[in-house]
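Okay, my_file-v7.cif now, which holds mmCIF, C-alpha atoms (C1' of nucleotides):
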data_upload
loop_
_atom_site.label_atom_id
_atom_site.label_comp_id
_atom_site.auth_asym_id
_atom_site.auth_seq_id
_atom_site.Cartn_x
_atom_site.Cartn_y
_atom_site.Cartn_z
CA MET A 11 -4.42 9.98 -16.86
CA GLY A 12 -8.11 9.72 -16.05
CA LYS A 13 -9.35 9.46 -12.52
CA GLN A 14 -8.41 6.43 -10.58
CA GLN A 15 -11.14 3.93 -9.92
CA THR A 16 -11.09 2.19 -6.58
CA ASP A 17 -12.04 -1.33 -5.67
CA MET A 18 -14.92 -0.40 -3.40
CA ILE A 19 -18.35 1.12 -3.83
CA ARG A 20 -18.42 3.96 -1.39
CA GLY A 21 -20.97 3.52 1.33
CA THR A 22 -21.00 -0.27 1.20
CA LEU A 23 -18.07 -1.02 3.52
CA ASP A 24 -20.10 -1.00 6.74
CA MET A 25 -22.71 -3.26 5.23
CA LEU A 26 -20.14 -5.69 3.87
CA VAL A 27 -18.39 -5.91 7.23
CA LEU A 28 -21.67 -6.46 9.09
CA LYS A 29 -22.62 -9.13 6.59
CA VAL A 30 -19.38 -11.05 6.97
CA LEU A 31 -19.64 -10.84 10.75
CA SER A 32 -23.21 -12.11 10.63
CA LEU A 33 -21.84 -15.47 9.51
CA GLU A 34 -19.33 -15.81 12.33
CA PRO A 35 -17.14 -13.64 14.56
CA MET A 36 -13.92 -12.68 12.85
CA HIS A 37 -10.85 -10.48 13.21
CA GLY A 38 -10.09 -7.51 10.98
CA TRP A 39 -7.55 -9.11 8.74
CA GLY A 40 -9.86 -12.10 8.27
CA ILE A 41 -12.71 -9.82 7.23
CA CYS A 42 -10.57 -8.34 4.46
CA GLU A 43 -9.54 -11.76 3.22
CA ARG A 44 -13.08 -13.06 3.32
CA ILE A 45 -14.48 -10.17 1.29
CA LYS A 46 -11.66 -10.43 -1.20
CA LEU A 47 -12.15 -14.18 -1.54
CA ILE A 48 -15.91 -14.15 -1.97
CA SER A 49 -15.80 -11.29 -4.46
CA GLU A 50 -13.07 -13.08 -6.38
CA ASP A 51 -10.70 -10.13 -5.89
CA ASP A 52 -13.15 -7.57 -7.27
CA LEU A 53 -13.53 -5.94 -3.84
CA GLN A 54 -10.38 -4.88 -2.02
CA VAL A 55 -10.70 -3.61 1.51
CA ASN A 56 -7.86 -1.43 2.57
CA GLN A 57 -6.55 -1.60 6.15
CA GLY A 58 -6.68 2.16 6.43
CA SER A 59 -10.40 2.01 5.77
CA LEU A 60 -11.22 -1.16 7.68
CA TYR A 61 -10.01 -0.38 11.18
CA PRO A 62 -11.61 3.04 11.42
CA ALA A 63 -14.82 1.46 10.14
CA LEU A 64 -14.65 -1.31 12.76
CA HIS A 65 -14.14 1.27 15.47
CA LYS A 66 -17.08 3.27 14.22
CA LEU A 67 -19.32 0.20 14.10
CA THR A 68 -18.26 -0.62 17.66
CA GLN A 69 -19.05 2.92 18.72
CA GLU A 70 -22.51 2.61 17.21
CA GLY A 71 -23.08 -0.60 19.13
CA TRP A 72 -23.50 -2.78 16.06
CA ILE A 73 -20.50 -5.00 16.79
CA LYS A 74 -18.53 -5.92 19.91
CA SER A 75 -14.92 -6.98 20.15
CA TYR A 76 -12.86 -9.33 22.28
CA TRP A 77 -9.32 -10.64 22.16
CA GLY A 78 -8.78 -14.17 20.98
CA LEU A 79 -6.39 -16.45 19.14
CA THR A 80 -6.44 -17.06 15.42
CA GLU A 81 -5.94 -20.35 13.62
CA ASN A 82 -2.31 -19.33 13.32
CA ASN A 83 -2.01 -18.94 17.06
CA ARG A 84 -1.74 -15.17 17.04
CA LYS A 85 -3.51 -12.64 19.20
CA ALA A 86 -6.23 -10.85 17.28
CA ARG A 87 -9.23 -8.71 18.08
CA PHE A 88 -12.37 -10.57 17.09
CA TYR A 89 -15.63 -8.85 16.32
CA ARG A 90 -19.12 -10.25 16.58
CA LEU A 91 -22.44 -8.78 15.49
CA THR A 92 -24.84 -7.52 18.17
CA ARG A 93 -28.62 -7.75 17.88
CA ALA A 94 -28.72 -4.08 16.95
CA GLY A 95 -26.04 -4.80 14.34
CA GLN A 96 -28.19 -7.50 12.78
CA MET A 97 -31.05 -5.02 12.49
CA GLN A 98 -28.75 -2.43 11.01
CA LEU A 99 -27.51 -5.00 8.51
CA ASN A 100 -31.07 -5.81 7.46
CA ALA A 101 -31.83 -2.13 6.98
CA GLU A 102 -28.66 -1.44 5.00
CA ALA A 103 -29.17 -4.50 2.83
CA ALA A 104 -32.70 -3.40 1.95
CA HIS A 105 -31.50 0.11 1.21
CA TRP A 106 -28.70 -1.19 -0.98
CA ASP A 107 -31.06 -3.44 -2.91
CA ARG A 108 -33.43 -0.62 -3.60
CA LEU A 109 -30.77 1.84 -4.74
CA ALA A 110 -28.70 -0.66 -6.71
CA THR A 111 -31.82 -1.74 -8.56
CA ALA A 112 -32.63 1.89 -9.30
CA VAL A 113 -29.13 2.55 -10.64
CA THR A 114 -29.34 -0.54 -12.79
CA LYS A 115 -32.68 0.68 -14.11
CA VAL A 116 -31.22 4.02 -15.15
CA MET A 117 -28.21 2.34 -16.72
CA ALA A 118 -30.48 0.07 -18.72
CA ILE A 119 -32.51 2.73 -20.52
CA SER A 120 -32.00 3.19 -24.20
CA MET B 14 -31.42 8.35 15.78
CA GLY B 15 -29.55 6.02 13.46
CA LYS B 16 -27.47 7.39 10.70
CA GLN B 17 -29.30 9.01 7.86
CA GLN B 18 -29.45 7.15 4.62
CA THR B 19 -29.33 9.16 1.46
CA ASP B 20 -30.99 8.61 -1.86
CA MET B 21 -27.81 8.16 -3.86
CA ILE B 22 -25.07 5.60 -4.04
CA ARG B 23 -21.89 7.57 -3.69
CA GLY B 24 -19.70 7.46 -6.73
CA THR B 25 -22.54 6.82 -9.16
CA LEU B 26 -23.65 10.38 -9.82
CA ASP B 27 -21.19 11.07 -12.62
CA MET B 28 -22.09 7.83 -14.34
CA LEU B 29 -25.81 8.45 -14.04
CA VAL B 30 -25.46 11.94 -15.49
CA LEU B 31 -23.32 10.72 -18.38
CA LYS B 32 -25.83 7.96 -19.06
CA VAL B 33 -28.80 10.32 -19.19
CA LEU B 34 -26.89 12.69 -21.45
CA SER B 35 -25.96 9.82 -23.76
CA LEU B 36 -29.62 9.59 -24.74
CA GLU B 37 -30.02 13.26 -25.62
CA PRO B 38 -28.63 16.66 -24.59
CA MET B 39 -30.38 18.01 -21.54
CA HIS B 40 -30.28 20.80 -18.97
CA GLY B 41 -29.45 20.31 -15.29
CA TRP B 42 -32.92 20.43 -13.91
CA GLY B 43 -34.09 18.00 -16.60
CA ILE B 44 -31.34 15.54 -15.67
CA CYS B 45 -32.60 15.47 -12.07
CA GLU B 46 -36.18 14.90 -13.18
CA ARG B 47 -35.18 12.21 -15.61
CA ILE B 48 -33.21 10.24 -13.05
CA LYS B 49 -35.97 10.58 -10.51
CA LEU B 50 -38.58 9.47 -13.01
CA ILE B 51 -36.74 6.45 -14.33
CA SER B 52 -35.76 5.28 -10.87
CA GLU B 53 -39.35 5.73 -9.71
CA ASP B 54 -38.28 8.20 -7.02
CA ASP B 55 -35.69 5.86 -5.53
CA LEU B 56 -32.84 8.09 -6.69
CA GLN B 57 -32.94 11.76 -5.75
CA VAL B 58 -30.35 14.08 -7.19
CA ASN B 59 -29.83 17.18 -5.18
CA GLN B 60 -29.11 20.50 -6.94
CA GLY B 61 -26.20 21.15 -4.62
CA SER B 62 -24.61 17.95 -5.87
CA LEU B 63 -25.61 18.17 -9.50
CA TYR B 64 -24.21 21.49 -10.61
CA PRO B 65 -20.76 20.98 -9.13
CA ALA B 66 -20.74 17.53 -10.77
CA LEU B 67 -21.75 19.02 -14.12
CA HIS B 68 -18.97 21.58 -13.87
CA LYS B 69 -16.48 18.89 -13.02
CA LEU B 70 -17.57 16.73 -15.96
CA THR B 71 -17.20 19.76 -18.22
CA GLN B 72 -13.74 20.40 -16.81
CA GLU B 73 -12.78 16.82 -17.59
CA GLY B 74 -13.97 17.22 -21.16
CA TRP B 75 -16.68 14.57 -20.90
CA ILE B 76 -19.57 16.93 -21.57
CA LYS B 77 -19.97 20.32 -23.26
CA SER B 78 -22.56 22.98 -22.56
CA TYR B 79 -24.47 25.57 -24.55
CA TRP B 80 -27.37 27.90 -23.81
CA GLY B 81 -30.76 26.98 -25.22
CA LEU B 82 -34.48 27.17 -24.58
CA THR B 83 -36.50 24.55 -22.72
CA GLU B 84 -39.94 23.27 -23.62
CA ASN B 85 -41.25 25.88 -21.20
CA ASN B 86 -39.54 28.65 -23.08
CA ARG B 87 -36.94 29.36 -20.46
CA LYS B 88 -33.22 29.83 -20.85
CA ALA B 89 -31.28 26.84 -19.66
CA ARG B 90 -27.78 25.50 -20.04
CA PHE B 91 -27.87 22.27 -22.02
CA TYR B 92 -25.19 19.62 -21.80
CA ARG B 93 -24.22 17.05 -24.39
CA LEU B 94 -21.88 14.09 -24.15
CA THR B 95 -18.51 14.30 -25.94
CA ARG B 96 -16.79 11.33 -27.53
CA ALA B 97 -14.45 11.16 -24.55
CA GLY B 98 -17.51 11.27 -22.33
CA GLN B 99 -19.00 8.26 -24.08
CA MET B 100 -15.81 6.34 -23.48
CA GLN B 101 -15.79 7.39 -19.86
CA LEU B 102 -19.39 6.26 -19.54
CA ASN B 103 -18.52 2.85 -20.96
CA ALA B 104 -15.65 2.50 -18.52
CA GLU B 105 -17.69 3.57 -15.52
CA ALA B 106 -20.58 1.32 -16.47
CA ALA B 107 -18.27 -1.69 -16.73
CA HIS B 108 -16.67 -0.81 -13.41
CA TRP B 109 -20.07 -0.42 -11.75
CA ASP B 110 -21.25 -3.76 -13.10
CA ARG B 111 -18.23 -5.56 -11.82
CA LEU B 112 -18.36 -4.05 -8.34
CA ALA B 113 -22.11 -4.20 -7.93
CA THR B 114 -22.02 -7.87 -8.86
CA ALA B 115 -19.27 -8.43 -6.33
CA VAL B 116 -21.23 -6.68 -3.58
CA THR B 117 -24.29 -8.74 -4.41
CA LYS B 118 -22.17 -11.87 -4.24
CA VAL B 119 -20.96 -11.01 -0.74
CA MET B 120 -24.47 -10.11 0.39
CA ALA B 121 -25.76 -13.44 -0.89
CA ILE B 122 -23.52 -15.74 1.13
CA SER B 123 -25.00 -17.77 3.91
"C1'" DT C 23 20.57 -17.92 16.46
"C1'" DG C 24 18.76 -14.67 13.77
"C1'" DT C 25 16.27 -13.02 10.29
"C1'" DA C 26 12.71 -12.89 6.93
"C1'" DC C 27 8.03 -13.17 6.10
"C1'" DA C 28 3.28 -13.58 6.64
"C1'" DC C 29 -0.01 -12.32 9.84
"C1'" DC C 30 -2.33 -8.58 12.42
"C1'" DT C 31 -3.60 -3.83 14.48
"C1'" DC C 32 -3.71 0.95 14.26
"C1'" DT C 33 -3.61 6.21 13.17
"C1'" DA C 34 -2.75 11.04 11.25
"C1'" DG C 35 -3.63 13.65 7.58
"C1'" DT C 36 -5.57 14.20 3.00
"C1'" DT C 37 -8.74 13.70 -0.76
"C1'" DT C 38 -13.05 12.85 -2.94
"C1'" DT C 39 -17.79 13.25 -3.09
"C1'" DT C 40 -22.01 14.71 -1.54
"C1'" DC C 41 -25.09 17.49 1.37
"C1'" DT C 42 -26.90 21.72 3.63
"C1'" DA C 43 -28.51 25.83 3.09
"C1'" DG C 44 -28.87 29.10 1.06
"C1'" DA C 45 -28.97 33.25 -3.10
"C1'" DT C 46 -30.58 34.61 -7.59
"C1'" DG C 47 -33.50 34.95 -11.51
"C1'" DT C 48 -37.50 34.04 -15.21
"C1'" DA C 49 -42.08 32.72 -17.39
"C1'" DG C 50 -46.77 32.03 -17.01
"C1'" DG C 51 -51.05 32.03 -14.67
"C1'" DT C 52 -54.47 34.42 -11.39
"C1'" DA D 28 -48.97 42.53 -8.71
"C1'" DC D 29 -47.95 38.26 -6.92
"C1'" DC D 30 -47.32 33.33 -6.67
"C1'" DT D 31 -45.51 29.04 -8.20
"C1'" DA D 32 -42.80 26.04 -10.88
"C1'" DC D 33 -38.82 26.07 -13.46
"C1'" DA D 34 -33.81 26.78 -13.50
"C1'" DT D 35 -28.72 27.85 -12.11
"C1'" DC D 36 -25.26 28.33 -8.90
"C1'" DT D 37 -21.99 28.57 -4.68
"C1'" DA D 38 -19.68 28.39 0.02
"C1'" DG D 39 -18.87 25.69 3.64
"C1'" DA D 40 -19.60 21.38 6.20
"C1'" DA D 41 -19.83 16.56 6.59
"C1'" DA D 42 -18.97 11.70 5.50
"C1'" DA D 43 -16.34 8.10 3.92
"C1'" DA D 44 -12.39 6.18 2.21
"C1'" DC D 45 -7.42 6.50 0.81
"C1'" DT D 46 -2.36 7.24 1.42
"C1'" DA D 47 1.26 6.21 3.81
"C1'" DG D 48 2.98 5.06 7.08
"C1'" DA D 49 4.32 2.70 12.32
"C1'" DG D 50 4.52 -1.24 15.24
"C1'" DG D 51 4.12 -6.00 17.01
"C1'" DT D 52 4.14 -11.48 16.88
"C1'" DG D 53 4.54 -16.41 15.58
"C1'" DT D 54 6.88 -19.76 12.30
"C1'" DA D 55 10.12 -21.46 9.23
"C1'" DC D 56 14.43 -21.91 7.60
"C1'" DA D 57 19.25 -20.50 6.79
#
Write the structure described by the file as structure tokens, please.
Amino acid sequence: MGKQQTDMIRGTLDMLVLKVLSLEPMHGWGICERIKLISEDDLQVNQGSLYPALHKLTQEGWIKSYWGLTENNRKARFYRLTRAGQMQLNAEAAHWDRLATAVTKVMAIS
Amino acid sequence: MGKQQTDMIRGTLDMLVLKVLSLEPMHGWGICERIKLISEDDLQVNQGSLYPALHKLTQEGWIKSYWGLTENNRKARFYRLTRAGQMQLNAEAAHWDRLATAVTKVMAIS
DNA sequence: TGTACACCTCTAGTTTTTCTAGATGTAGGT
DNA sequence: ACCTACATCTAGAAAAACTAGAGGTGTACA
């Protein structure tokens, strides 16, 4: 058996979460679903990765949380982007673009 | 201080190395230079990451090494891609394409 | 009524991958 | 003789994500 490939590009989780939250505040489970939906199942965010990441982002001051009710009438912790989070998102998006382009360039040589 | 951003996308090093070696056999230091050159300095491979990666790829049977002489007349360990390595490269490239496209898709929503 | 299921949060411990911070050595030029 | 660029390598730390769970709540339906 070869090595197992995951359904995430390491280092992009924070950025993806910030991006989704930049559209509208959302709860953890919703963030997973949203990413999965938009990526047409190519990206799978694992709960064991998501919640620690959300807590870290909160710690950094890039998102803030509050309790609310979901569409299904359940309690859930919602997260919203802060101004600092928006700036962080911009920075990470630019960094990602630059590096992803560079990787693509290397992969294209012949 | 925000978090430090590196000059690599985690998880792509193996693929990048295999790709460069698919063009022609090369020694470690040359692989670093090649990646840096093609990416126009956007990708920086660190020696402390490269050699362990090279040893791991050898262990997996994806590359093989032999001692040779460089253009500068120095001893260097050259690596060449094996057939299994070529297959691995194809698989990793396809995986990268799929995931990078998915990330781009998520980053593009508005 | 109760029970199954989908929804939702969370954490400890491990693994994978890369980085830091070195040590070691050689060839060629001054 | 010494400096610089070329070249390999490793131990230990750090970062990020994964495995593998535990636990709780509405809603539907048997």
Expansion of the PyMOL selection byres ((chain C) within 10 of (chain B)) into residues, as a JSON list (two decimals) with C-alpha atoms (C1' of nucleotides), keeping the file's coordinate frame:
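Once everything was written out, this is expr28.json:
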[["chain", "number", "residue", "atom", "x", "y", "z"],
["C", 38, "DT", "C1'", -13.05, 12.85, -2.94],
["C", 39, "DT", "C1'", -17.79, 13.25, -3.09],
["C", 40, "DT", "C1'", -22.01, 14.71, -1.54],
["C", 41, "DC", "C1'", -25.09, 17.49, 1.37],
["C", 42, "DT", "C1'", -26.90, 21.72, 3.63],
["C", 43, "DA", "C1'", -28.51, 25.83, 3.09],
["C", 48, "DT", "C1'", -37.50, 34.04, -15.21],
["C", 49, "DA", "C1'", -42.08, 32.72, -17.39],
["C", 50, "DG", "C1'", -46.77, 32.03, -17.01]]
Near-Ser49 of chain A list (7 Å; all atoms listed in the file; drop same-chain fewer than 5 positions) as a list of chain:residue names:
B:Ala115, B:Lys118, B:Val119
Give the answer as one residue: which of D:DA34, D:DA49, D:DA57, D:DA40 has the shortest atom-to-atom distance to chain B, using all atoms listed in the file?
D:DA34
Expected selection from the PyMOL selection byres ((chain D) within 9 of (chain A)), given as an MDAnalysis selection string
chainID D and resid 43:46 52:53
Give the residues of chain A that lie within 10 Å of chain B; count all atoms listed in the file, and format the answer as a PyMOL selection string.
chain A and resi 12-13+15-23+25-30+32-33+44-53+70+98+101-103+105-120
Non-local contacts of DG50 of chain D (12 Å; only C-alpha atoms (C1' of nucleotides); under 4 positions in same chain excluded) as a PyMOL selection string:
chain C and resi 30-33
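You will find atom C1' of DA47 of chain D at 28.0 Å from atom CA of Tyr76 of chain A.
Proximity ranking of B:Leu67, B:Met39, B:Leu82, B:Leu94 relative to DC36 of chain D places B:Leu67 first, based on only C-alpha atoms (C1' of nucleotides).
In this comparison, which uses all atoms listed in the file, the residue of B:Gly41, B:Tyr92, B:Ala107, B:Ser78 approaching DT35 of chain D most closely is B:Gly41.
For the pair atom CA of Ala97 of chain B and atom CA of Trp75 of chain B, the separation is 5.5 Å.
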What is the atom CA of Ile44 of chain B to atom C1' of DT37 of chain C distance in Å?
27.1 Å
Of A:Met97, A:Glu81, A:Asp24, A:Glu34, the one sitting nearest Tyr61 of chain A when using all atoms listed in the file is A:Asp24
How big is the axis-aligned box around the listed atoms of segment 35-42 of chain A once 6 Å is added on each side, and where is its centre? Give both in Å to one decimal, as AutoDock Vina command-line options.
--center_x -12.3 --center_y -10.6 --center_z 9.5 --size_x 21.6 --size_y 18.1 --size_z 22.1
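Shortest atom-to-atom contact with DC33 of chain D among B:Ala89, B:Leu34, B:Ile76, B:Leu70: B:Ala89, counting all atoms listed in the file.
Shortest separation to Trp80 of chain B among B:Gly98, B:Gln57, B:His68, B:Arg93 occurs at residue B:Arg93, atoms counted being only C-alpha atoms.
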